[in-house]
Each structure stands twice: as C-alpha cells, then as structure tokens.
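The structure appears right after this line, and notes come after that.
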Amino acid sequence: MRKVLVLAKTLLKSSSGAAVNQKQGRRWWVPLVLGFAFLSMGFSVGMMALGIYEALVPLGAQGVIMPLAMGGTSAVIFIFGVFYTVSLMYHADDVPLLLALPLKPWQILGAKFLTLVVYEYIFQAFILMPVLVVYGIKSGAGAVYILYSAILFAILPVIALSMAAVLVMVVMRFTSFGKNKQAFRFAGGIIALVLAIGLNIGMQNTMTQLTPEQLAALADGSSLVSVLERMFPGLPFASQALIGSNTLSGLWNLLLFVLCSAAALAVFLGLGQLLYFKGLTGVTEAAGKRRLLSAEELDKRTAGTSATRSYIGKELKMLTRSPIAFMNCVLMNLIWPVLVLVMVFTRGGSFAELSGVVASLNAGDAVAVLTGVAAFMSCANAVTSTAVSREGKQLYFMKYIPMPIRKQLMAKVYTGMLLSAMGTVLLIVLALAMGVGVLTALLALALSLPAVAAGSLVGMLIDASRPKLDWLNEQQAIKQNVNVLLHMLAGVLIGAAVIAPVMLLRMSLAGAAAYIAVLLGLLTLVFLSGMRGATSRIETMDA
Amino acid sequence: MIEISNVTKTYGGRIRAVDNITFTVEPGCIYGFLGPNGAGKTTTIKLIAGIIRPDSGTIRVCGHDTVREALAAKKSIGFVPDDPNAFLHLKGLEYLKFMGDIYEVEAGKRREIIGSLAERFDMTKALGDKIQSYSHGMRQKIVIMGALMHQPRVWLLDEPMTGLDPKSAFELKSMMREHADAGNTVFFSTHVLEVAEKLCDSVAVIGAGRLLYSGSMGGLKSQRGESLEKLFLEMTENA
C-alpha cells in the first residue's frame with residue numbers, strides 16, 4: 001500500500017510539474033482566469049440547483065435533487081472515466097517505465113486510480129459541491145450533514161471510476177479496440193465533443209425549460225433518477241445518507257455506501273491483477289501494414305507537384321491526421337455554425353423563429369453579418385495562429401529546405417484559408433436554408449474570400465511574432481497557446497468592423513458590399529505587407 | 001566544397017557556441033566532425049545547413065554563400081538532422097514525395113531513386129505506412145532517404161549512425177564512400193571514434209566551440225603516434 005501512495009504522489013507531482021513548467025502556466029493571470037471560470041460555472045450550477053429545489057418544495061420532493069446530483073455526477077465521471085482510464089493506464093508514456101519497476105499490476109493501477117480520483121475532485125468541486133451547499137443551506141442541515149458531505153465527496157468517484165476501469169480492462173484484454181493510440185484519440189475526441197455539446201444542451205434545457213410535468217416526474221422518482229441509481233450499485237445509499245443525515249439511518253446508509261465503494265475498488269484491483277498486463281500487449285502509437293507497393297503505386301504517389309501545392313498538402317495531412325489538430329483546427333470550422341444553431345434551439349428558439357429573424361434583416365445587414373461571421377470563423381480555427389508553433393522543435397526544417405520562408409508561411413496561410421472556406425460554405429448554405437436571398441448569399445460568399453484571407457493572415461502574423469515552440473505534445477502547442485486567443489480577439493474586432501457600421505448606418509446592399517470590400521481589401525493588403533516582418537522574424541530566429 | 005572562414009556564433013549574446021572557426025572540406029572527401037557533448041558540433045552543422053546565421057564570418061557551400069545565396073546553397077546540401085522524429089503523421093512515401101517536390105526532383109527520376117534507396121535501406125515494405133509506426137532506426141532511414149532524394153553534392157549528416165541496424169549502418173557507410181569517391185563531399189558528426197577512424201579521410205576536432213584540429217586523419221595520428229581515442233581525450237580535456 002505504501003508503494004501505491006508513493007507512486008501516486010510521484011505521478012501527481014510529475015503531471016502538475018509539467019503543467020507549471022509551461023511558460024504560459026507561469027503567468028499570474030492564468031490562475032485568476034481559471035478561478036473565475038470555475039467559480040462562475042459553480043455559481044450557475046448552484047443557481048440551477050436552487051431553482052429546481054424551490055420548484056420541488058411545493059411537491060415535497062426536494063430530496064430528489066440529491067440522487068439527481070449524485071447520479072449525474074457519477075454518470076459523467078463514468079463516461080469520461082472510460083477515456084481517462086485508457087489514456088492514463090494504457091496509453092500514457094510512463095507505462096513502459098512503470099512496467100519495468102518491481103511493482104504488481106494492482107499497485108500500478110491503484111496509484112493511477114488515485115491520481116484519477118484527485119482529478120475528479122476538481123470536476124466535483126464545481127458540479128457537485130454547489131448542489132451540496134444549496135441543499136445544506138436550504139434544508140437547514142447541521143454539522144453532521146457537512147461531515148457526511150465531505151466523506152461522500154471524497155469517495156463518490158470510486159464506484160463510477162471502478163466500473164469504467166473494469167469495462168476498459170475487459171475490452172483491452174479481449175479485443176483489439178483501443179490498442180491503436182491515434183485511432184482511439186480520434187474517436188475519444190469526437191465522442192467527448194458530442195458529449196460536451198449534449199451536456200450543454202441538457203443543462204440549458206434543465207435551466208430554462210423544466211415543465212411542471214417534468215418536475216412531477218422528477219418528484220415521482222421515475223425515469224432519469226431511478227435509471228441513474230440503478231446504473232451505479234450502492235449509489236442510493238449516498239443520497240439517503242445525506243437526506244437522513246440527522247437520523248441513525250443516515251449513518252447506516254453512509255456505512256453501506258463506504259462498503260459498496262470498497263467492494264467496487266476491490267473488484268477493480270483484483271481483476272486488474274489478472275487482466276492489466278495482458279491488456280497492454282499490442283498497444284501501439286499507430287499501426288503499420290508493411291505492404292510492398294507496386295511500381296504503378298509508386299509512380300502515382302510520387303508524381304511531381306509544385307512546392308507550394310505540396311506544402312499545402314503536407315499541412316493538410318498533418319492537420320487532419322493529428323487528433324488534437326483535427327479537433328481544434330479542422331472540425332472547429334464546422335462546429336461554429338452548428339454551435340450557433342444549438343445555442344438558438346436551447347434557448348427555446350426554433351429554426352422557423354431564427355429564419356424569421358434572418359428574413360427580417362435587410363440584404364445589406366445580412367451580407368455584413370455573414371461576412372463578419374466568416375471573418376470571425378477564420379480567426380477561430382487555430383490553423384494559422386498555431387501554424388509556426390506547431391513546428392515546435394522541428395522549426396529548423398523550415399529553415400534548411402530550399403523554399404523561401406515567405407513562401408512557406410503563405411502556404412500555411414492558404415491552408416488556413418482552405419479550411420476556413422469549408423466553414424464559410426456551410427454558413428452560406430445554412431443562410432440559404434434560413435431564407436437569405438440567393439444574390440445576398442452569393443455576394444456574401446464572394447466577400448468572404450477577403451474576409452477569410454484577412455482572418456488567416458492576421459493569425460499568421462500573430463503566431464510568427466511569438467510562436468510557442470517549446471512544447472512536449474501538440475496539445476500544448478494548440479490548446480494551451482495564447483496566440484489562439486489573440487487570434488479570436490482579432491476575429492471579434494474584424495467581425496465588428498464589418499458588421500457594426502453597416503447596421504448602424506443602415507447601408508443599402510450595394511453600399512454595404514462596397515464598404516466591406518474596401519475594408520477587407522485594405523486589411524488584407526495591410527496584413528500582407530506585415531508578412532515581410534514575419535518572414536524576417538522566422539529567418540533570424542535561432543532553431 | 002565547404003569553406004568556413006572565421007565563423008562565430010553566440011546564443012543569447014553570452015554563450016559562444018562556435019568561436020572563430022576556419023576550415024575547408026575538399027571534394028572527394030569524407031570529413032568527420034568530432035567533439036564531446038556541447039562542443040559546438042550541431043551548431044556548426046546548423047550553420048552550414050543555413051538553419052542559423054553566423055554572427056560573423058562566412059560559409060560557402062559549392063561556392064554559394066549560405067546567407068546571401070541561401071537557396072542555391074541549400075539545394076546543394078542533403079541534410080540529416082540528429083532528431084528523426086519529424087512528420088510522424090505522414091506516410092514514408094508521402095514524406096519522400098514532399099521532399100521531391102520541395103527539392104524539385106524530376107518526376108521521371110523519383111521512382112528509380114526511391115526504389116534504389118528503399119532497397120538499400122530495407123524499407124520497401126514500410127513506405128506505405130505512417131512514419132509514426134516506424135522504429136527509431138526506420139525513422140532515421142526515411143530521413144536519410146529524404147535528404148538524398150535530390151542527389152545533392154554535399155551530404156551533411158548529424159550523428160547519422162544513431163539507431164541504425166548493422167546492415168543499414170554498413171549500407172550508409174558504403175554509400176558515403178561511393179559518394180565521396182565520385183568527387184562529392186560527406187561531412188558528418190559522430191561520437192563513435194572507430195567509425196571516424198575507419199571511414200574519414202579528414203577530421204576536425206571541436207571543443208568548447210574552438211577548432212582544436214583540422215586536417216587528414218593520418219596527420220592527426222602521426223602527430224604523437226597515439227590512438228585516436230587517447231588523442232581525442234587529451235585534446236578535448238584541455239579545451
């Protein structure tokens with residue numbers, strides 16, 4: 001057991017150390033921003049809990065909030081636990097090192113499990129804690145409630161995580177699913193994105209659209225609550241322990257829950273002792289077929305193209321084949337229009353309503369909105385704002401090949417424009433479906449070209465001036481890169497500069513088109529002239 | 001083919017990685033570049049490849065100044081870096097095609113060049129797979145193949161033998177000899193003194209950024225009649 005604790009401590013230290021070592025992690029405002037984000041998230045969850053609690057009081061069923069919170073938290077922990085287990089226990093870079101140490105499988109698993117539980121506390125802190133606080137205050141609970149809450153908070157992740165880990169261990173032991181790290185990261189990333197959007201819709205619905213019938217169903221303890229409780233054995237004891245914290249049955253329920261959690265942990269560790277090492281067999285970064293290519297295939301696949309086209313092709317391949325880049329740079333272009341729709345629908349709107357709003361816009365406004373959004377989208381896809389950063393320690397490649405740096409940077413800009421164009425086309429199709437006139441849509445499409453050019457160029461200027469090259473994995477280059485944020489900010493400004501004057505001055509279609517064309521044309525020229533500085537910056541940078 | 005004159009490179013204005021070095025690498029020569037860790041070998045190679053610029057001094061490759069005629073100089077070099085972990089998401093063949101396009105290798109010649117290199121390095125069955133699925137040695141081989149695609153006159157190799165299996169290391173050494181015998185130049189850094197001793201016509205020894213010796217291998221050994229290892233240790237310890 002001592003070894004498990006020592007290992008868990010080391011694993012936690014090495015992961016938090018890695019995070020602190022990142023240049024951007026040392027900035028004073030990062031903890032402030034994160035703290036604010038977590039607090040506001042916790043506050044909105046608390047407000048939601050308060051709303052539901054007060055709505056349930058007249059029905060005398062306010063206790064339902066507890067199994068709902070516990071079950072919901074456990075369900076999310078279980079779903080994300082599946083991905084965390086695979087990446088931490090099977091795919092992590094430290095696994096081969098740990099296997100060489102004189103440790104038993106259950107000891108490695110136990111330590112990894114503990115680190116996962118600690119991560120889950122962060123999640124619980126802003127999802128479960130606000131509910132516990134609201135329930136405690138509203139029901140006038142005492143010191144025993146606080147003590148029980150603390151104990152339950154500490155052990156709640158155990159059952160859901162054990163179940164997730166057991167599922168993963170069985171799948172990894174007896175199937176080939178999850179063995180290919182790259183493929184798994186792709187699937188995991190997309191599923192996580194869909195879940196995040198789904199969760200967002202679910203929460204928005206609960207906050208704004210809980211009908212009296214739904215409240216009554218909740219109070220009945222039917223459907224959702226009972227399904228959640230049945231999913232996680234022993235979970236009902238947790239909520240009953242808190243609801244009856246002032247009685248002896250509360251203590252009894254607490255003990256039963258602790259027992260259930262211990263049993264789940266024992267099953268996980270016991271099965272791990274049998275399945276873990278064998279499940280690790282065959283885990284690879286990416287699989288290769290090792291097939292001999294025919295002469296025709298060789299000819300076809302090595303046919304010459306221009307250096308710029310080839311460079312764009314290389315960039316596109318690198319972006320679409322890396323899970324992190326694909327999620328943040330490629331999929332992001334398609335996600336913005338979808339997100340707009342989701343936001344509209346979850347706020348009680350409908351497609352017809354939205355179409356009504358769009359139809360009420362005059363043609364000039366519609367062109368401005370579409371072009372402005374296209375400009376913003378091209379600044380929000382992280383393609384050009386991480387184009388140099390993504391090279392990382394391999395930046396030297398850009399400098400030894402016989403292709404001028406400016407040409408290489410422009411090839412990266414063209415890549416950003418191509419990917420942005422995907423989102424723009426989707427946006428225009430959506431606009432047509434909402435009743436925007438064909439002429440207006442075509443004009444917006446034409447004006448989107450300089451919009452996308454300006455947006456992509458400004459991202460390149462930002463990244464070339466301060467690329468983040470010192471990273472260990474691509475995630476740090478893309479997701480933890482301030483340049484992406486700065487690029488988005490630039491996108492907001494460009495979008496506002498396109499939309500605001502047209503709407504405020506009530507420009508006609510022709511006036512709006514002329515203004516936008518001149519504005520974006522000028523911006524593109526200004527940004528293009530800035531490319532000289534960006535080129536010289538990269539040329540003189542030591543790599 | 002490579003002329004380095006009074007070249008100095010300082011990092012961050014303080015650390016003098018390369019300190020006023022001068023030497024020439026003649027055609028038909030395999031030139032070994034020796035030195036302990038942190039001596040300035042990789043910095044010198046990066047300077048020749050045009051990756052970094054010297055603070056002072058000039059470097060000419062095949063008569064082209066690496067700063068003023070950078071593209072022409074780069075076209076005459078086949079550079080193999082010490083880290084082969086690049087372009088992992090590309091397939092081997094895609095990487096070679098990309099290098100062919102960048103170095104403007106004639107379309108008609110590509111199949112022949114790739115076929116011959118793949119055969120020699122035993123990579124024929126791996127070309128259709130992603131570089132990510134390659135072992136360290138295979139990654140090293142695909143990088144070497146990419147560097148030789150355009151049949152450059154100057155080979156610039158930073159620790160090229162690292163991770164290669166015995167057959168591939170033998171093939172690479174044979175290719176280096178053939179290339180030099182055809183009137184071209186091979187310039188490579190290594191830690192393995194036996195390789196330098198057996199393969200090189202000339203060597204340079206660098207320590208703490210300063211050039212400690214430059215000349216023929218025979219000349220170095222005849223200086224005091226000692227083994228290369230002993231000479232190397234004595235030179236670099238006093239640097």
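Identifiers in the structure tokens: chain A, B, ... in order shown; residue index from 1 per chain; ligand index from 1 in order shown.
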
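Omitting Ile144 in chain B and its sequence neighbours fewer than 6 positions away, and counting only C-alpha atoms, the residues within 10 Å are Gly78, Phe79, Val80, Pro81, Pro84, Leu117, Phe121, Met138, Trp155, Leu157, Pro160 and Leu172 of chain B.
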
Select from range 6-235 of chain B everything DSSP, run on the backbone, classes as alpha helix (DSSP H), then give the selection as a ChimeraX atom specification. /B:41-49,70-75,92-102,107-120,136-148,166-181,193-199,217-222,228-235

### Task
Determine, counting only C-alpha atoms, which protein, DNA and RNA residues have an atom within 12 Å of an atom of Met1 in chain B; residues of the same chain fewer than 3 positions away are not included. Present the result as a count of residues only.
32

Which residues of chain A are close to chain B, meaning at most 9 Å apart when you count only C-alpha atoms, and how do they look as number ranges by chain? A: 284-293, 295, 298-299, 301-311, 313-314, 317-319, 321-322, 394, 396-404, 539-543

Export, as a compact mmCIF listing (two decimals), in the first residue's frame, the selected residues with N, CA and C atoms.
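Heads up, here's the output in part.txt:
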# COMPACT_ATOMS: atom_id res chain seq x y z
N THR A 284 -0.05 0.23 -29.54
CA THR A 284 0.95 0.90 -30.39
C THR A 284 0.51 2.34 -30.67
N GLU A 285 1.47 3.16 -31.06
CA GLU A 285 1.16 4.55 -31.40
C GLU A 285 0.30 4.60 -32.66
N ALA A 286 0.71 3.86 -33.67
CA ALA A 286 -0.05 3.77 -34.92
C ALA A 286 0.34 2.46 -35.60
N ALA A 287 -0.65 1.82 -36.20
CA ALA A 287 -0.36 0.52 -36.79
C ALA A 287 0.17 0.69 -38.21
N GLY A 288 1.06 -0.20 -38.63
CA GLY A 288 1.57 -0.18 -40.00
C GLY A 288 1.28 -1.52 -40.67
N LYS A 289 1.02 -1.47 -41.98
CA LYS A 289 0.66 -2.73 -42.66
C LYS A 289 1.88 -3.43 -43.25
N ARG A 290 2.96 -2.68 -43.47
CA ARG A 290 4.19 -3.21 -44.05
C ARG A 290 3.90 -3.97 -45.35
N ARG A 291 3.30 -3.26 -46.30
CA ARG A 291 2.94 -3.86 -47.58
C ARG A 291 3.83 -3.30 -48.68
N LEU A 292 4.24 -4.18 -49.57
CA LEU A 292 5.08 -3.76 -50.69
C LEU A 292 4.23 -2.98 -51.70
N LEU A 293 4.67 -1.80 -52.10
CA LEU A 293 3.90 -1.02 -53.07
C LEU A 293 4.32 -1.41 -54.48
N ALA A 295 4.94 -0.88 -58.61
CA ALA A 295 5.62 0.18 -59.37
C ALA A 295 4.62 1.26 -59.77
N LEU A 298 3.86 3.43 -56.81
CA LEU A 298 4.99 4.32 -56.56
C LEU A 298 4.95 5.50 -57.52
N ASP A 299 4.72 5.22 -58.81
CA ASP A 299 4.67 6.27 -59.82
C ASP A 299 3.56 7.27 -59.50
N ARG A 301 1.95 7.81 -56.68
CA ARG A 301 2.01 8.53 -55.42
C ARG A 301 3.22 9.46 -55.30
N THR A 302 4.11 9.42 -56.30
CA THR A 302 5.26 10.32 -56.20
C THR A 302 5.29 11.33 -57.34
N ALA A 303 4.17 11.39 -58.10
CA ALA A 303 4.12 12.33 -59.22
C ALA A 303 4.37 13.75 -58.71
N GLY A 304 5.11 14.53 -59.48
CA GLY A 304 5.52 15.85 -59.01
C GLY A 304 4.41 16.89 -59.02
N THR A 305 4.41 17.75 -58.00
CA THR A 305 3.53 18.91 -57.98
C THR A 305 4.39 20.10 -57.56
N SER A 306 3.79 21.30 -57.64
CA SER A 306 4.58 22.49 -57.28
C SER A 306 4.88 22.47 -55.79
N ALA A 307 5.95 23.16 -55.40
CA ALA A 307 6.36 23.15 -53.99
C ALA A 307 5.25 23.69 -53.10
N THR A 308 4.58 24.77 -53.53
CA THR A 308 3.52 25.35 -52.69
C THR A 308 2.37 24.37 -52.52
N ARG A 309 1.94 23.75 -53.61
CA ARG A 309 0.83 22.79 -53.52
C ARG A 309 1.21 21.63 -52.62
N SER A 310 2.44 21.17 -52.78
CA SER A 310 2.91 20.06 -51.98
C SER A 310 2.95 20.45 -50.50
N TYR A 311 3.38 21.68 -50.23
CA TYR A 311 3.47 22.16 -48.85
C TYR A 311 2.07 22.24 -48.23
N GLY A 313 -0.49 20.48 -49.15
CA GLY A 313 -0.91 19.09 -48.96
C GLY A 313 -0.32 18.52 -47.69
N LYS A 314 0.96 18.82 -47.46
CA LYS A 314 1.62 18.33 -46.23
C LYS A 314 0.92 18.90 -45.00
N LYS A 317 -2.46 17.25 -44.43
CA LYS A 317 -2.32 15.88 -43.91
C LYS A 317 -1.97 15.92 -42.43
N MET A 318 -1.02 16.80 -42.07
CA MET A 318 -0.61 16.87 -40.66
C MET A 318 -1.79 17.32 -39.79
N LEU A 319 -2.63 18.21 -40.32
CA LEU A 319 -3.75 18.73 -39.53
C LEU A 319 -4.88 17.71 -39.40
N ARG A 321 -4.59 14.40 -39.65
CA ARG A 321 -4.21 13.11 -39.07
C ARG A 321 -3.80 13.19 -37.60
N SER A 322 -3.59 14.39 -37.10
CA SER A 322 -3.26 14.51 -35.68
C SER A 322 -4.58 14.77 -34.94
N GLN A 394 10.99 21.25 -34.39
CA GLN A 394 11.33 20.95 -35.78
C GLN A 394 11.28 22.20 -36.67
N TYR A 396 13.52 24.00 -37.39
CA TYR A 396 14.72 24.02 -38.25
C TYR A 396 14.42 23.51 -39.65
N PHE A 397 13.40 22.63 -39.77
CA PHE A 397 13.07 22.10 -41.10
C PHE A 397 12.73 23.23 -42.07
N MET A 398 11.92 24.19 -41.56
CA MET A 398 11.53 25.31 -42.42
C MET A 398 12.75 26.07 -42.92
N LYS A 399 13.84 25.99 -42.15
CA LYS A 399 14.99 26.82 -42.47
C LYS A 399 16.04 26.13 -43.32
N TYR A 400 16.00 24.80 -43.40
CA TYR A 400 17.03 24.18 -44.24
C TYR A 400 16.54 23.76 -45.61
N ILE A 401 15.22 23.75 -45.81
CA ILE A 401 14.75 23.38 -47.16
C ILE A 401 14.88 24.58 -48.10
N PRO A 402 15.11 24.30 -49.38
CA PRO A 402 15.32 25.42 -50.33
C PRO A 402 13.99 26.02 -50.81
N MET A 403 13.17 26.44 -49.86
CA MET A 403 11.91 27.11 -50.20
C MET A 403 11.87 28.36 -49.34
N PRO A 404 11.74 29.54 -49.96
CA PRO A 404 11.78 30.76 -49.18
C PRO A 404 10.78 30.73 -48.02
N GLU A 539 13.28 34.01 -40.21
CA GLU A 539 14.61 33.80 -40.80
C GLU A 539 15.73 34.01 -39.79
N THR A 540 15.55 35.00 -38.93
CA THR A 540 16.63 35.32 -37.99
C THR A 540 16.51 34.57 -36.66
N MET A 541 15.41 33.84 -36.50
CA MET A 541 15.19 33.12 -35.24
C MET A 541 16.11 31.90 -35.16
N ASP A 542 16.76 31.70 -34.02
CA ASP A 542 17.60 30.50 -33.85
C ASP A 542 16.70 29.28 -33.67
N ALA A 543 17.03 28.21 -34.40
CA ALA A 543 16.20 27.00 -34.27
C ALA A 543 17.09 25.82 -33.89

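Residues in contact with range 206-223 of chain B at up to 6 Å, not including ones fewer than 4 positions away on its chain and judged by only C-alpha atoms, are B:Ala17, B:Val18, B:Asp19, B:Ile21, B:Gly35, B:Ala39, B:Gly40, B:Asp201, B:Ser202, B:Thr236, B:Ala239.
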
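The space separating CA of Leu274 in chain A from CA of Arg173 in chain A comes to 9.7 Å.
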
Test item, strand (DSSP E) assignment across range 4-221 of chain B, answer as a count of residues only:
60

A:Ala514, A:Ile462, A:Met488, A:Leu235 ranked by distance to Ala446 in chain A, top pick (using only C-alpha atoms) =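 Comparing A:Ala514, A:Ile462, A:Met488, A:Leu235 against Ala446 in chain A, the winner is A:Ala514.
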
For Pro157 in chain A, please output as a tab-separated table (two decimals) with C-alpha atoms, in the first residue's frame all residues within 10 Å (counting only C-alpha atoms; exclusion window: fewer than 4 positions along the same chain).
chain	number	residue	atom	x	y	z
A	70	MET	CA	-25.05	12.16	-7.28
A	73	THR	CA	-22.01	13.36	-11.37
A	74	SER	CA	-21.36	9.60	-11.34
A	75	ALA	CA	-22.60	9.25	-14.93
A	77	ILE	CA	-17.35	10.52	-14.13
A	78	PHE	CA	-18.09	7.09	-15.66
A	81	GLY	CA	-13.52	7.76	-16.77
A	116	LEU	CA	-7.74	9.91	-11.42
A	117	VAL	CA	-9.78	10.31	-8.22
A	118	VAL	CA	-7.87	13.53	-7.45
A	119	TYR	CA	-8.65	14.86	-10.95
A	120	GLU	CA	-12.32	14.03	-10.40
A	121	TYR	CA	-12.35	16.17	-7.23
A	124	GLN	CA	-16.89	17.56	-8.47
A	152	LEU	CA	-19.21	11.36	0.27
A	153	PHE	CA	-17.39	13.98	-1.79
A	161	LEU	CA	-14.36	5.06	-11.91
A	162	SER	CA	-14.03	1.39	-10.88
A	261	SER	CA	-17.21	1.70	-2.72

Quick one: of B:Val7, B:Leu34, B:Met145, B:Val205, who's nearest to Asp158 in chain B, counting only C-alpha atoms?
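Between B:Val7, B:Leu34, B:Met145, B:Val205, the residue approaching Asp158 in chain B most closely is B:Leu34.
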
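The nearest approach to Thr66 in chain B among the residues B:Asp122, B:Glu237, B:Asp82, B:Glu3, with only C-alpha atoms taken into account, belongs to B:Glu3.
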